[in-house]
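Here is the file final.tsv (TSV, C-alpha atoms and all ligand atoms).
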chain	number	residue	atom	x	y	z
G	193	MET	CA	23.89	-4.21	7.43
G	194	LYS	CA	22.14	-4.31	10.77
G	195	ILE	CA	18.78	-4.93	12.43
G	196	SER	CA	17.55	-3.44	15.69
G	197	LYS	CA	14.24	-3.80	17.52
G	198	THR	CA	12.38	-2.06	20.31
G	199	LYS	CA	9.02	-2.34	22.07
G	200	ILE	CA	6.83	0.67	21.16
G	201	GLY	CA	3.53	-0.26	22.77
G	202	SER	CA	1.04	-3.03	23.39
G	203	ILE	CA	-2.40	-4.10	22.19
G	204	ALA	CA	-4.36	-6.10	24.73
G	205	ASP	CA	-1.60	-8.28	26.17
G	206	HIS	CA	0.49	-8.35	22.97
G	207	GLN	CA	3.70	-6.33	22.73
G	208	ILE	CA	4.08	-4.16	19.60
G	209	ILE	CA	7.67	-4.46	18.44
G	210	GLN	CA	9.31	-2.07	15.97
G	211	TYR	CA	12.14	-3.28	13.70
G	212	THR	CA	14.76	-1.10	11.98
G	213	LEU	CA	16.65	-2.59	9.03
G	214	GLU	CA	19.73	-0.59	7.94
G	215	ASN	CA	22.03	-1.12	4.96
G	216	ASP	CA	25.63	0.03	4.46
G	217	HIS	CA	24.51	3.44	3.09
G	218	HIS	CA	22.47	4.12	6.26
G	219	VAL	CA	19.20	3.73	4.35
G	220	GLN	CA	16.62	2.29	6.75
G	221	VAL	CA	13.32	0.44	6.66
G	222	VAL	CA	11.23	0.77	9.83
G	223	CYS	CA	8.28	-1.56	10.37
G	224	MET	CA	6.26	-2.89	13.30
G	225	SER	CA	4.44	-6.05	14.33
G	226	TYR	CA	0.98	-4.43	14.57
G	227	ALA	CA	-0.60	-4.82	11.10
G	228	ALA	CA	2.91	-5.61	9.79
G	229	THR	CA	3.02	-1.85	9.25
G	230	TRP	CA	5.64	-0.03	7.12
G	231	GLN	CA	6.55	3.03	9.15
G	232	GLY	CA	9.77	4.30	7.60
G	233	PHE	CA	11.77	4.40	4.38
G	234	MET	CA	14.59	6.60	5.69
G	235	VAL	CA	17.27	8.08	3.43
G	236	PRO	CA	20.24	10.32	4.42
G	237	ASP	CA	20.69	13.79	2.92
G	238	GLN	CA	24.06	15.34	2.13
G	239	ASN	CA	24.47	16.12	5.84
G	240	ASP	CA	23.63	12.50	6.75
G	241	LYS	CA	20.31	13.64	8.27
G	242	LEU	CA	17.71	10.91	7.78
G	243	HIS	CA	14.44	11.78	6.01
G	244	ASN	CA	11.38	9.53	5.97
G	245	MET	CA	9.91	9.25	2.45
G	246	ILE	CA	6.66	7.70	3.73
G	247	LEU	CA	3.99	8.88	6.20
G	248	LYS	CA	3.94	7.52	9.73
G	249	PHE	CA	2.32	8.29	13.06
G	250	ASP	CA	4.48	9.00	16.09
G	251	ASP	CA	1.77	7.80	18.44
G	252	VAL	CA	1.29	4.04	17.92
G	253	ARG	CA	-2.34	4.36	19.07
G	254	GLU	CA	-3.10	6.30	15.86
G	255	TYR	CA	-2.40	3.10	13.93
G	256	LEU	CA	-5.28	1.42	15.79
G	257	THR	CA	-7.81	4.25	15.35
G	258	ASN	CA	-7.01	6.23	12.18
G	259	PRO	CA	-9.09	4.94	9.21
G	260	TYR	CA	-6.45	5.77	6.57
G	261	HIS	CA	-4.52	2.51	7.14
G	262	VAL	CA	-1.21	4.43	7.09
G	263	GLY	CA	1.49	1.89	6.20
G	264	HIS	CA	-0.74	-1.08	7.12
G	265	THR	CA	-0.48	-4.43	5.43
G	266	ILE	CA	-3.97	-5.10	4.04
G	267	GLY	CA	-5.38	-8.59	3.41
G	268	ARG	CA	-6.64	-11.16	2.65
G	269	VAL	CA	-7.98	-8.85	-0.09
G	270	GLY	CA	-7.18	-5.16	-0.61
G	271	GLY	CA	-9.87	-2.88	-2.02
G	272	ARG	CA	-13.61	-3.39	-2.05
G	273	ILE	CA	-15.68	-6.55	-2.67
G	274	LYS	CA	-19.30	-5.80	-3.55
G	275	SER	CA	-21.60	-6.87	-0.69
G	276	GLY	CA	-18.77	-9.08	0.58
G	277	ASP	CA	-20.17	-11.72	-1.82
G	278	PHE	CA	-18.15	-13.96	-4.13
G	279	THR	CA	-18.24	-17.46	-5.63
G	280	ILE	CA	-15.40	-19.99	-5.83
G	281	ASN	CA	-16.01	-23.34	-7.63
G	282	ASN	CA	-19.78	-22.56	-7.74
G	283	VAL	CA	-19.85	-22.19	-3.94
G	284	LYS	CA	-21.18	-18.80	-2.75
G	285	TYR	CA	-19.49	-17.03	0.15
G	286	CYS	CA	-20.31	-13.85	2.03
G	287	VAL	CA	-17.81	-12.14	4.32
G	288	PRO	CA	-19.29	-9.75	6.93
G	289	VAL	CA	-19.25	-6.24	5.38
G	290	ASN	CA	-17.47	-3.31	7.05
G	291	GLU	CA	-18.17	-0.32	4.81
G	292	GLY	CA	-21.91	0.25	4.31
G	293	GLN	CA	-23.12	-2.67	2.18
G	294	ASN	CA	-19.64	-3.66	1.05
G	295	LEU	CA	-16.39	-5.21	2.23
G	296	ILE	CA	-13.19	-3.16	2.22
G	297	HIS	CA	-9.58	-4.11	2.93
G	298	GLY	CA	-10.14	-7.63	4.21
G	299	GLY	CA	-12.99	-6.73	6.54
G	300	ALA	CA	-13.09	-5.83	10.22
G	301	HIS	CA	-10.69	-8.64	11.14
G	302	GLY	CA	-8.31	-8.49	8.19
G	303	PHE	CA	-4.52	-8.46	8.23
G	304	SER	CA	-4.43	-4.85	9.50
G	305	SER	CA	-6.21	-5.72	12.75
G	306	TRP	CA	-3.67	-8.21	14.12
G	307	ASN	CA	-0.30	-8.18	15.86
G	308	TRP	CA	2.11	-10.41	13.90
G	309	LYS	CA	4.97	-12.64	14.98
G	310	ALA	CA	8.35	-11.64	13.54
G	311	ALA	CA	11.65	-13.27	12.61
G	312	THR	CA	14.75	-11.40	11.41
G	313	GLU	CA	17.61	-12.48	9.13
G	314	ILE	CA	20.89	-10.90	8.07
G	315	LEU	CA	21.57	-12.19	4.56
G	316	GLN	CA	24.68	-11.82	2.43
G	317	ASP	CA	23.63	-8.54	0.80
G	318	ALA	CA	20.37	-7.71	2.56
G	319	VAL	CA	18.53	-7.60	5.87
G	320	LYS	CA	15.07	-9.06	6.31
G	321	VAL	CA	12.19	-9.20	8.75
G	322	THR	CA	9.30	-11.60	8.17
G	323	PHE	CA	5.95	-11.15	9.89
G	324	SER	CA	3.79	-14.27	10.07
G	325	ARG	CA	0.37	-15.26	11.30
G	326	THR	CA	-2.31	-17.85	10.63
G	327	ILE	CA	-5.76	-16.28	10.40
G	328	THR	CA	-8.67	-18.70	10.69
G	329	ALA	CA	-11.93	-18.66	8.75
G	330	GLN	CA	-13.70	-17.98	12.06
G	331	GLU	CA	-11.54	-14.90	12.68
G	332	ASP	CA	-11.98	-13.03	9.39
G	333	GLY	CA	-14.92	-14.81	7.73
G	334	PHE	CA	-13.11	-15.85	4.54
G	335	PRO	CA	-13.13	-19.56	3.55
G	336	GLY	CA	-10.18	-21.60	4.82
G	337	ASP	CA	-7.52	-20.86	7.40
G	338	ILE	CA	-4.64	-18.91	5.83
G	339	GLU	CA	-0.98	-18.98	6.79
G	340	ALA	CA	0.33	-15.55	5.76
G	341	LYS	CA	3.82	-14.07	5.77
G	342	ILE	CA	4.93	-10.51	4.94
G	343	SER	CA	8.67	-10.02	4.42
G	344	TYR	CA	10.47	-6.68	4.25
G	345	ILE	CA	13.92	-6.98	2.64
G	346	LEU	CA	16.37	-4.06	2.34
G	347	ASP	CA	19.44	-4.60	0.16
G	348	ASN	CA	22.61	-2.59	-0.43
G	349	HIS	CA	21.24	-1.13	-3.66
G	350	ASP	CA	18.72	0.92	-1.60
G	351	LYS	CA	15.84	-1.28	-2.79
G	352	VAL	CA	13.03	-2.46	-0.53
G	353	THR	CA	11.31	-5.70	-1.46
G	354	ILE	CA	7.99	-6.65	0.16
G	355	GLN	CA	6.89	-10.25	-0.35
G	356	PHE	CA	3.41	-11.54	0.50
G	357	TYR	CA	3.16	-15.31	1.03
G	358	GLY	CA	-0.15	-17.11	1.48
G	359	GLN	CA	-1.23	-20.75	1.81
G	360	SER	CA	-4.66	-22.00	2.87
G	361	ASN	CA	-6.30	-25.35	3.69
G	362	ALA	CA	-9.26	-24.45	1.43
G	363	ASP	CA	-9.85	-22.48	-1.77
G	364	THR	CA	-9.96	-18.83	-0.68
G	365	LEU	CA	-9.04	-15.31	-1.84
G	366	PHE	CA	-5.62	-13.65	-1.59
G	367	ASN	CA	-4.82	-10.16	-2.91
G	368	PRO	CA	-2.83	-8.47	-0.14
G	369	MET	CA	-1.18	-5.06	-0.38
G	370	THR	CA	0.73	-2.38	1.46
G	371	HIS	CA	-1.19	0.81	2.18
G	372	VAL	CA	1.92	3.01	2.09
G	373	TYR	CA	1.65	6.79	1.58
G	374	PHE	CA	4.64	8.51	-0.03
G	375	ASN	CA	5.83	12.05	0.61
G	376	LEU	CA	9.45	12.48	-0.50
G	377	SER	CA	9.77	16.10	0.66
G	378	ASN	CA	11.80	17.12	3.69
G	379	ASP	CA	8.92	19.04	5.24
G	380	HIS	CA	6.15	16.51	4.40
G	381	LYS	CA	3.74	19.43	4.10
G	382	THR	CA	2.27	18.70	0.68
G	383	ILE	CA	2.65	16.51	-2.37
G	384	ASN	CA	1.88	19.36	-4.79
G	385	ASN	CA	5.49	19.53	-5.98
G	386	HIS	CA	5.74	15.78	-6.59
G	387	GLU	CA	5.87	14.29	-10.07
G	388	LEU	CA	4.06	11.01	-10.67
G	389	GLN	CA	4.31	8.51	-13.52
G	390	ILE	CA	2.04	5.43	-13.77
G	391	ASN	CA	2.68	2.77	-16.43
G	392	SER	CA	-0.98	2.57	-17.42
G	393	HIS	CA	-3.33	3.38	-20.33
G	394	GLN	CA	-6.61	2.54	-18.52
G	395	HIS	CA	-8.22	3.01	-15.13
G	396	VAL	CA	-11.18	1.29	-13.48
G	397	GLU	CA	-14.61	2.93	-13.72
G	398	THR	CA	-16.30	3.01	-10.29
G	399	ASP	CA	-19.80	3.80	-9.04
G	400	VAL	CA	-20.90	6.06	-6.18
G	401	GLN	CA	-19.87	3.40	-3.66
G	402	LYS	CA	-16.38	3.33	-5.29
G	403	LEU	CA	-17.13	-0.21	-6.52
G	404	PRO	CA	-15.77	-1.20	-9.94
G	405	THR	CA	-18.46	-1.34	-12.64
G	406	GLY	CA	-16.31	-3.77	-14.63
G	407	ARG	CA	-15.49	-1.20	-17.32
G	408	LEU	CA	-12.00	0.17	-17.99
G	409	LEU	CA	-11.73	3.82	-19.11
G	410	GLU	CA	-8.95	5.22	-21.32
G	411	ASN	CA	-6.53	7.56	-19.51
G	412	ARG	CA	-5.28	9.36	-22.61
G	413	LYS	CA	-5.85	13.15	-22.61
G	414	THR	CA	-7.56	13.02	-19.20
G	415	ALA	CA	-6.46	13.80	-15.63
G	416	PHE	CA	-5.77	10.05	-15.29
G	417	ASP	CA	-3.02	10.09	-17.92
G	418	PHE	CA	0.25	9.63	-15.97
G	419	PHE	CA	1.99	7.67	-18.71
G	420	LYS	CA	4.49	10.53	-18.86
G	421	PRO	CA	5.51	12.20	-15.54
G	422	VAL	CA	2.89	14.70	-14.32
G	423	ASN	CA	3.08	17.35	-11.59
G	424	MET	CA	0.59	16.42	-8.85
G	425	GLU	CA	-0.78	19.93	-8.27
G	426	SER	CA	-1.61	20.18	-11.99
G	427	ALA	CA	-3.11	16.69	-12.03
G	428	LEU	CA	-5.35	17.46	-9.03
G	429	ALA	CA	-6.49	20.72	-10.64
G	430	GLN	CA	-7.28	18.92	-13.92
G	431	LEU	CA	-9.14	16.18	-12.00
G	432	GLN	CA	-11.33	18.74	-10.24
G	433	GLN	CA	-11.98	20.57	-13.51
G	434	GLU	CA	-12.91	17.36	-15.37
G	435	THR	CA	-14.81	15.47	-12.67
G	436	GLY	CA	-15.45	17.77	-9.71
G	437	LYS	CA	-13.49	15.30	-7.55
G	438	THR	CA	-10.90	16.79	-5.19
G	439	GLN	CA	-8.76	13.68	-4.79
G	440	PHE	CA	-7.61	10.65	-6.73
G	441	ASP	CA	-8.78	7.31	-5.37
G	442	ASP	CA	-8.52	5.17	-8.46
G	443	ALA	CA	-7.23	1.83	-9.70
G	444	PHE	CA	-4.97	1.81	-12.75
G	445	LYS	CA	-4.43	-1.24	-14.96
G	446	LEU	CA	-0.70	-1.62	-15.62
G	447	ALA	CA	0.46	-1.82	-19.23
G	448	ASP	CA	3.19	-4.38	-18.52
G	449	ARG	CA	5.40	-5.70	-15.71
G	450	GLU	CA	8.74	-4.90	-17.40
G	451	HIS	CA	8.63	-1.18	-16.58
G	452	PRO	CA	8.14	0.39	-13.17
G	453	ALA	CA	4.45	0.42	-12.26
G	454	VAL	CA	4.91	3.84	-10.67
G	455	VAL	CA	7.70	6.41	-10.46
G	456	ILE	CA	7.30	9.18	-7.90
G	457	CYS	CA	9.81	11.98	-7.47
G	458	ASP	CA	10.48	15.26	-5.70
G	459	ARG	CA	13.06	17.16	-7.74
G	460	SER	CA	13.49	19.90	-5.12
G	461	ASP	CA	14.72	17.38	-2.55
G	462	HIS	CA	16.37	15.17	-5.20
G	463	ARG	CA	14.54	11.92	-4.38
G	464	GLN	CA	12.87	9.31	-6.59
G	465	VAL	CA	11.22	5.97	-5.85
G	466	SER	CA	10.40	3.47	-8.61
G	467	VAL	CA	7.79	0.83	-7.74
G	468	TYR	CA	7.79	-2.59	-9.45
G	469	SER	CA	4.98	-5.13	-9.04
G	470	ASP	CA	4.20	-8.62	-10.34
G	471	ARG	CA	0.45	-7.91	-10.39
G	472	ASN	CA	-1.75	-6.00	-12.83
G	473	GLY	CA	-2.98	-3.03	-10.86
G	474	VAL	CA	-2.19	-0.11	-8.61
G	475	VAL	CA	-4.53	2.14	-6.65
G	476	MET	CA	-3.37	5.74	-6.35
G	477	PHE	CA	-5.05	7.66	-3.53
G	478	THR	CA	-4.23	11.26	-2.56
G	479	ALA	CA	-5.11	11.96	1.03
G	480	ASN	CA	-4.30	13.78	4.20
G	481	PRO	CA	-4.35	11.17	6.98
G	482	ASP	CA	-3.52	13.91	9.49
G	483	GLY	CA	-6.91	15.37	8.67
G	484	PHE	CA	-8.82	12.59	10.40
G	485	GLY	CA	-11.06	14.17	13.02
G	486	LYS	CA	-10.13	17.69	11.88
G	487	SER	CA	-12.63	20.27	10.55
G	488	LYS	CA	-13.46	20.68	6.86
G	489	GLU	CA	-11.86	24.15	7.13
G	490	TRP	CA	-8.64	22.55	8.41
G	491	GLU	CA	-8.68	20.02	5.58
G	492	ALA	CA	-9.31	22.78	3.03
G	493	SER	CA	-6.30	24.71	4.29
G	494	HIS	CA	-4.02	21.67	4.32
G	495	PRO	CA	-3.22	20.35	0.85
G	496	TYR	CA	-2.65	16.65	0.49
G	497	ASN	CA	0.40	15.33	2.29
G	498	GLY	CA	0.38	11.75	1.03
G	499	ILE	CA	0.05	9.69	-2.13
G	500	ALA	CA	-0.95	6.10	-1.35
G	501	ILE	CA	0.51	3.69	-3.91
G	502	GLU	CA	-1.30	0.36	-3.46
G	503	ALA	CA	0.13	-2.32	-5.76
G	504	GLN	CA	-2.38	-5.21	-6.11
G	505	THR	CA	-4.55	-7.15	-8.53
G	506	LEU	CA	-7.38	-4.90	-9.76
G	507	PRO	CA	-10.13	-4.37	-7.15
G	508	ASP	CA	-13.09	-6.75	-6.79
G	509	ALA	CA	-11.35	-9.01	-9.32
G	510	ILE	CA	-13.28	-12.06	-8.04
G	511	ASN	CA	-16.48	-10.46	-9.34
G	512	HIS	CA	-15.10	-9.11	-12.64
G	513	PRO	CA	-13.76	-11.55	-15.24
G	514	GLY	CA	-10.65	-10.09	-16.83
G	515	PHE	CA	-9.58	-8.21	-13.69
G	516	GLY	CA	-7.22	-11.00	-12.63
G	517	ASP	CA	-7.16	-14.23	-10.59
G	518	ILE	CA	-7.08	-13.75	-6.82
G	519	VAL	CA	-8.15	-17.29	-5.88
G	520	LEU	CA	-5.67	-19.08	-3.62
G	521	ARG	CA	-6.19	-22.81	-4.22
G	522	ALA	CA	-6.24	-25.18	-1.23
G	523	ASN	CA	-2.74	-26.24	-0.14
G	524	LYS	CA	-1.07	-24.31	-2.99
G	525	SER	CA	1.04	-21.32	-1.87
G	526	LYS	CA	1.28	-18.00	-3.72
G	527	VAL	CA	3.90	-15.27	-3.34
G	528	TYR	CA	3.44	-11.69	-4.58
G	529	THR	CA	6.34	-9.22	-4.74
G	530	VAL	CA	6.47	-5.41	-4.79
G	531	GLN	CA	9.80	-3.55	-4.97
G	532	TYR	CA	10.63	0.09	-4.20
G	533	GLN	CA	13.92	1.35	-5.65
G	534	TYR	CA	15.21	4.59	-4.12
G	535	GLU	CA	17.50	6.87	-6.16
G	536	GLU	CA	18.96	10.29	-5.45
G	537	ILE	CA	18.25	12.47	-8.55
Q	601	LIG	C1	-11.01	5.38	1.50
Q	601	LIG	O1	-11.68	4.97	-0.77
Q	601	LIG	C2	-10.56	5.10	0.09
Q	601	LIG	C3	-9.74	3.82	0.03
Q	601	LIG	O2	-9.23	3.64	-1.28
Q	601	LIG	C4	-8.60	3.91	1.04
Q	601	LIG	O3	-7.89	2.72	1.02
Q	601	LIG	C5	-9.17	4.17	2.42
Q	601	LIG	O4	-9.91	5.37	2.43
Q	601	LIG	C6	-8.04	4.32	3.45
Q	601	LIG	O5	-11.94	4.42	1.87
As C-alpha cells, how would this structure be written, given the file I've shared?
Amino acid sequence: MKISKTKIGSIADHQIIQYTLENDHHVQVVCMSYAATWQGFMVPDQNDKLHNMILKFDDVREYLTNPYHVGHTIGRVGGRIKSGDFTINNVKYCVPVNEGQNLIHGGAHGFSSWNWKAATEILQDAVKVTFSRTITAQEDGFPGDIEAKISYILDNHDKVTIQFYGQSNADTLFNPMTHVYFNLSNDHKTINNHELQINSHQHVETDVQKLPTGRLLENRKTAFDFFKPVNMESALAQLQQETGKTQFDDAFKLADREHPAVVICDRSDHRQVSVYSDRNGVVMFTANPDGFGKSKEWEASHPYNGIAIEAQTLPDAINHPGFGDIVLRANKSKVYTVQYQYEEI
C-alpha cells in the first residue's frame, strides 16, 4: 500500500496536487485537489499494463473549462433545483441560478469550483486521502457555512470507497455526488459493448428543462429497464426508438440498498465494477465529454465514450416529498458512502 503526490498545475495562486493511492495488487486511485476530482481507477491487465476504467483529461485546464464535470465532486447538491428555490422550516431560500432559470450541481460556486486541502493516511488494510474545505454561505449562496470532507479509500480487495461528510452551522442542504464517467474498455473509444444493470423499477419523469415533475415512471418493458443486464448499444437504440432521445440522462430510484445499485461490465476486456450506495437514487448519463466544442458532425461520428454513474438522493428532493431528505440540520453531521468494487471477469 502506498501513496504518492505531485503538483500538476495551479489555479490562481493555489497549487493543484494529484494523489495516487496504490494497493498491493497495483490497483490505483488517482485524484486531485481541484474539485476533489476522481481522475483514475487504474487496474493492471495480464501484462501488468495499467488501464484507467474512468474518463479523465490529460490537460488539467480542461477540468476548469469543460462543462461535463468529468470526475468532479459535486455539491452541496447534485442535480437540478427548480429556480434555485427551496424552503427549510418554513423559511424560503433562493440560490443564484446557473442553468437558465434553474440551479444545477451546487451552482456557480459549488464544490466543483474550489481547490481543496488534502490529508493522506496509510491504514492497516487501505490507503486514504481526505479533501476538506469550509464553504461559506456568502461563497455559494446556500444557507449556513458548511464544513465538507470527501475521502477516497482504496483497500486490498480492489474496492474504492468515497465518503462525503458535511456539517453546517445552520439548517442547509447536502446531497453531494461524484460525477464519474466509466469506460472499462482498453481503447476507451465507445461504451456500446458495455453491459449495464441498475437495481431499479422506476425512473424520474422530467420536463423539457430536465426538472423532475415529481412523478415516477415504471421501467418495465421500456428502454429504462436495466433490472437485468442490458447491452448499452441496444439500450440506446431502444431509447431513440421509444423517445427520440439520443442519450440517457435520467435518475433511477433504487429498489433497495442490499444489492449493488449499478453493475457495469465490459466482457471483452474482462472488467466489472459494482457500485453500492446508501442513498435512494442514481443518475445515469451517457455522454462524450471529448465532444465539447466539437462539431455536430464530429459528435455524430463518435459514439458515446462515457457512462456517468451519479449516486445521490433523487434530484430536486427538497421540492418533491417522497424523493428523500437532503436537509442537513444545524450542527448535526451527515456522512454518505458510495463504494465501487472492481472484479476481473
Ligand atoms: C447535462 O443534463 C446533464 C447533466 O445531468 C450532467 O450532469 C451535465 O450535463 C454534466 O447538463
Mind dumping a table of every chain G residue within 8 Å of ligand LIG 601 (chain Q), with the nearest atom pair and its distance in Å to one decimal, using only C-alpha atoms and all ligand atoms, sorted by chain and rising number, as a tab-separated table?
residue	atom	partner	partner_atom	distance
G:Pro259	CA	Q:LIG601	C6	5.9
G:Tyr260	CA	Q:LIG601	C6	3.8
G:His261	CA	Q:LIG601	C6	5.4
G:Val262	CA	Q:LIG601	C6	7.7
G:Gly271	CA	Q:LIG601	O2	6.6
G:Ile296	CA	Q:LIG601	O5	7.7
G:His297	CA	Q:LIG601	O3	7.3
G:His371	CA	Q:LIG601	O3	7.1
G:Lys402	CA	Q:LIG601	O1	6.7
G:Asp441	CA	Q:LIG601	O2	5.5
G:Asp442	CA	Q:LIG601	O2	7.4
G:Val475	CA	Q:LIG601	O2	7.3
G:Phe477	CA	Q:LIG601	O2	6.2
Review point. Quick one: distance from CA of Phe278 in chain G to CA of Ala340 in chain G in Å, one decimal?
Key: 21.0 Å
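A straight line drawn from CA of Ser377 in chain G to CA of Phe323 in chain G is 29.0 Å long.
The spacing separating CA of His380 in chain G from CA of Pro452 in chain G amounts to 23.9 Å.
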Within 10 Å of range 200-212 of chain G, which residues of range 267-357 of chain G show up? Give each one with its shortest atom-to-atom distance in Å (one decimal) and the two atoms involved, counting all atoms listed in the file, rows by chain then rising residue number, as a Markdown table.
| residue | atom | partner | partner_atom | distance |
| --- | --- | --- | --- | --- |
| G:Trp306 | CA | G:Ile203 | CA | 9.1 |
| G:Asn307 | CA | G:Ile208 | CA | 7.0 |
| G:Trp308 | CA | G:Ile208 | CA | 8.7 |
| G:Lys309 | CA | G:Ile209 | CA | 9.3 |
| G:Ala310 | CA | G:Ile209 | CA | 8.7 |
| G:Thr312 | CA | G:Tyr211 | CA | 8.8 |
| G:Val319 | CA | G:Thr212 | CA | 9.7 |
| G:Lys320 | CA | G:Thr212 | CA | 9.8 |
| G:Val321 | CA | G:Tyr211 | CA | 7.7 |
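Nearest to Phe515 in chain G of all the residues G:Gly406, G:Gly302, G:Pro421, G:Gly436 is G:Gly406, based on only C-alpha atoms.
Ranking G:Thr529, G:Asn480, G:Ser460, G:Asn239 by their shortest atom-to-atom distance to Leu376 in chain G, with all atoms listed in the file included, puts G:Ser460 first.
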Review point. Hey, what's within 9 Å of Glu387 in chain G if we count all atoms listed in the file and toss same-chain stuff fewer than 4 positions away? As a PyMOL selection string, please?
Key: chain G and resi 383+421-425+455-459
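Residues surrounding Gln389 in chain G within 12 Å are His386, Ser392, His393, Phe416, Asp417, Phe418, Phe419, Lys420, Pro421, Val422, Asn423, Met424, Ala427, Phe444, Leu446, His451, Pro452, Ala453, Val454, Val455, Ile456, Cys457, Gln464, Val465, Ser466, Val467, Val474, Met476 and Ile501 of chain G [only C-alpha atoms; sequence separation below 3 positions excluded].
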Practice item. Name all residues at most 6 Å from Glu397 in chain G (count all atoms listed in the file; drop same-chain ones fewer than 5 positions away) and give them as a ChimeraX atom specification. Key: /G:404-405,407-408
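Nearest residue to Asp482 in chain G among G:Lys248, G:Lys241, G:Lys413, G:His462 is G:Lys248, counting only C-alpha atoms.
Distance cut-off 7 Å, centre (10.6, -12.4, 3.3), atoms counted all atoms listed in the file; the residues meeting this are G:Lys320, G:Val321, G:Thr322, G:Ile342, G:Ser343, G:Tyr344, G:Ile345, G:Gln355.
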Exercise for review: Write out as JSON, numbers by chain each polymer residue whose atoms come within 9 Å of Asn244 in chain G, counting only C-alpha atoms; drop sequence neighbours fewer than 6 positions from it.
Suggested key: {"G": [220, 231, 232, 233, 234, 235, 375, 376, 377, 378, 380]}
Can you spit out the residues from that selection as a PDB file, in the frame of the given file, using C-alpha atoms?
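The result, stored in out_24.pdb:
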ATOM      1  CA  GLN G 220      16.620   2.290   6.750  1.00  0.00           C
ATOM      2  CA  GLN G 231       6.550   3.030   9.150  1.00  0.00           C
ATOM      3  CA  GLY G 232       9.770   4.300   7.600  1.00  0.00           C
ATOM      4  CA  PHE G 233      11.770   4.400   4.380  1.00  0.00           C
ATOM      5  CA  MET G 234      14.590   6.600   5.690  1.00  0.00           C
ATOM      6  CA  VAL G 235      17.270   8.080   3.430  1.00  0.00           C
ATOM      7  CA  ASN G 375       5.830  12.050   0.610  1.00  0.00           C
ATOM      8  CA  LEU G 376       9.450  12.480  -0.500  1.00  0.00           C
ATOM      9  CA  SER G 377       9.770  16.100   0.660  1.00  0.00           C
ATOM     10  CA  ASN G 378      11.800  17.120   3.690  1.00  0.00           C
ATOM     11  CA  HIS G 380       6.150  16.510   4.400  1.00  0.00           C
TER      12      HIS G 380
END
Missing atoms in range 469-473 of chain G should be modelled up to all heavy atoms and reported as an mmCIF file, keeping the file's coordinate frame.
data_model
loop_
_atom_site.group_PDB
_atom_site.id
_atom_site.type_symbol
_atom_site.label_atom_id
_atom_site.label_comp_id
_atom_site.auth_asym_id
_atom_site.auth_seq_id
_atom_site.Cartn_x
_atom_site.Cartn_y
_atom_site.Cartn_z
ATOM 1 N N SER G 469 5.944 -4.161 -9.597
ATOM 2 C CA SER G 469 4.980 -5.130 -9.040
ATOM 3 C C SER G 469 4.780 -6.283 -10.013
ATOM 4 O O SER G 469 4.847 -6.101 -11.236
ATOM 5 C CB SER G 469 3.639 -4.432 -8.768
ATOM 6 O OG SER G 469 2.668 -5.400 -8.373
ATOM 7 N N ASP G 470 4.483 -7.471 -9.468
ATOM 8 C CA ASP G 470 4.200 -8.620 -10.340
ATOM 9 C C ASP G 470 2.702 -8.804 -10.553
ATOM 10 O O ASP G 470 2.270 -9.855 -11.064
ATOM 11 C CB ASP G 470 4.841 -9.902 -9.768
ATOM 12 C CG ASP G 470 4.388 -10.191 -8.340
ATOM 13 O OD1 ASP G 470 3.489 -9.484 -7.830
ATOM 14 O OD2 ASP G 470 4.932 -11.135 -7.720
ATOM 15 N N ARG G 471 1.894 -7.818 -10.172
ATOM 16 C CA ARG G 471 0.450 -7.910 -10.390
ATOM 17 C C ARG G 471 -0.020 -6.791 -11.338
ATOM 18 O O ARG G 471 0.767 -5.926 -11.728
ATOM 19 C CB ARG G 471 -0.286 -7.852 -9.044
ATOM 20 C CG ARG G 471 -0.144 -9.169 -8.257
ATOM 21 C CD ARG G 471 -0.810 -9.094 -6.915
ATOM 22 N NE ARG G 471 0.025 -8.376 -5.947
ATOM 23 C CZ ARG G 471 -0.357 -8.099 -4.704
ATOM 24 N NH1 ARG G 471 -1.556 -8.453 -4.269
ATOM 25 N NH2 ARG G 471 0.458 -7.463 -3.871
ATOM 26 N N ASN G 472 -1.314 -6.811 -11.684
ATOM 27 C CA ASN G 472 -1.750 -6.000 -12.830
ATOM 28 C C ASN G 472 -2.337 -4.634 -12.480
ATOM 29 O O ASN G 472 -2.807 -3.905 -13.371
ATOM 30 C CB ASN G 472 -2.804 -6.767 -13.649
ATOM 31 C CG ASN G 472 -4.125 -6.945 -12.868
ATOM 32 O OD1 ASN G 472 -4.242 -6.496 -11.731
ATOM 33 N ND2 ASN G 472 -5.092 -7.599 -13.484
ATOM 34 N N GLY G 473 -2.315 -4.283 -11.182
ATOM 35 C CA GLY G 473 -2.980 -3.030 -10.860
ATOM 36 C C GLY G 473 -2.285 -2.239 -9.765
ATOM 37 O O GLY G 473 -1.460 -2.776 -9.003
#
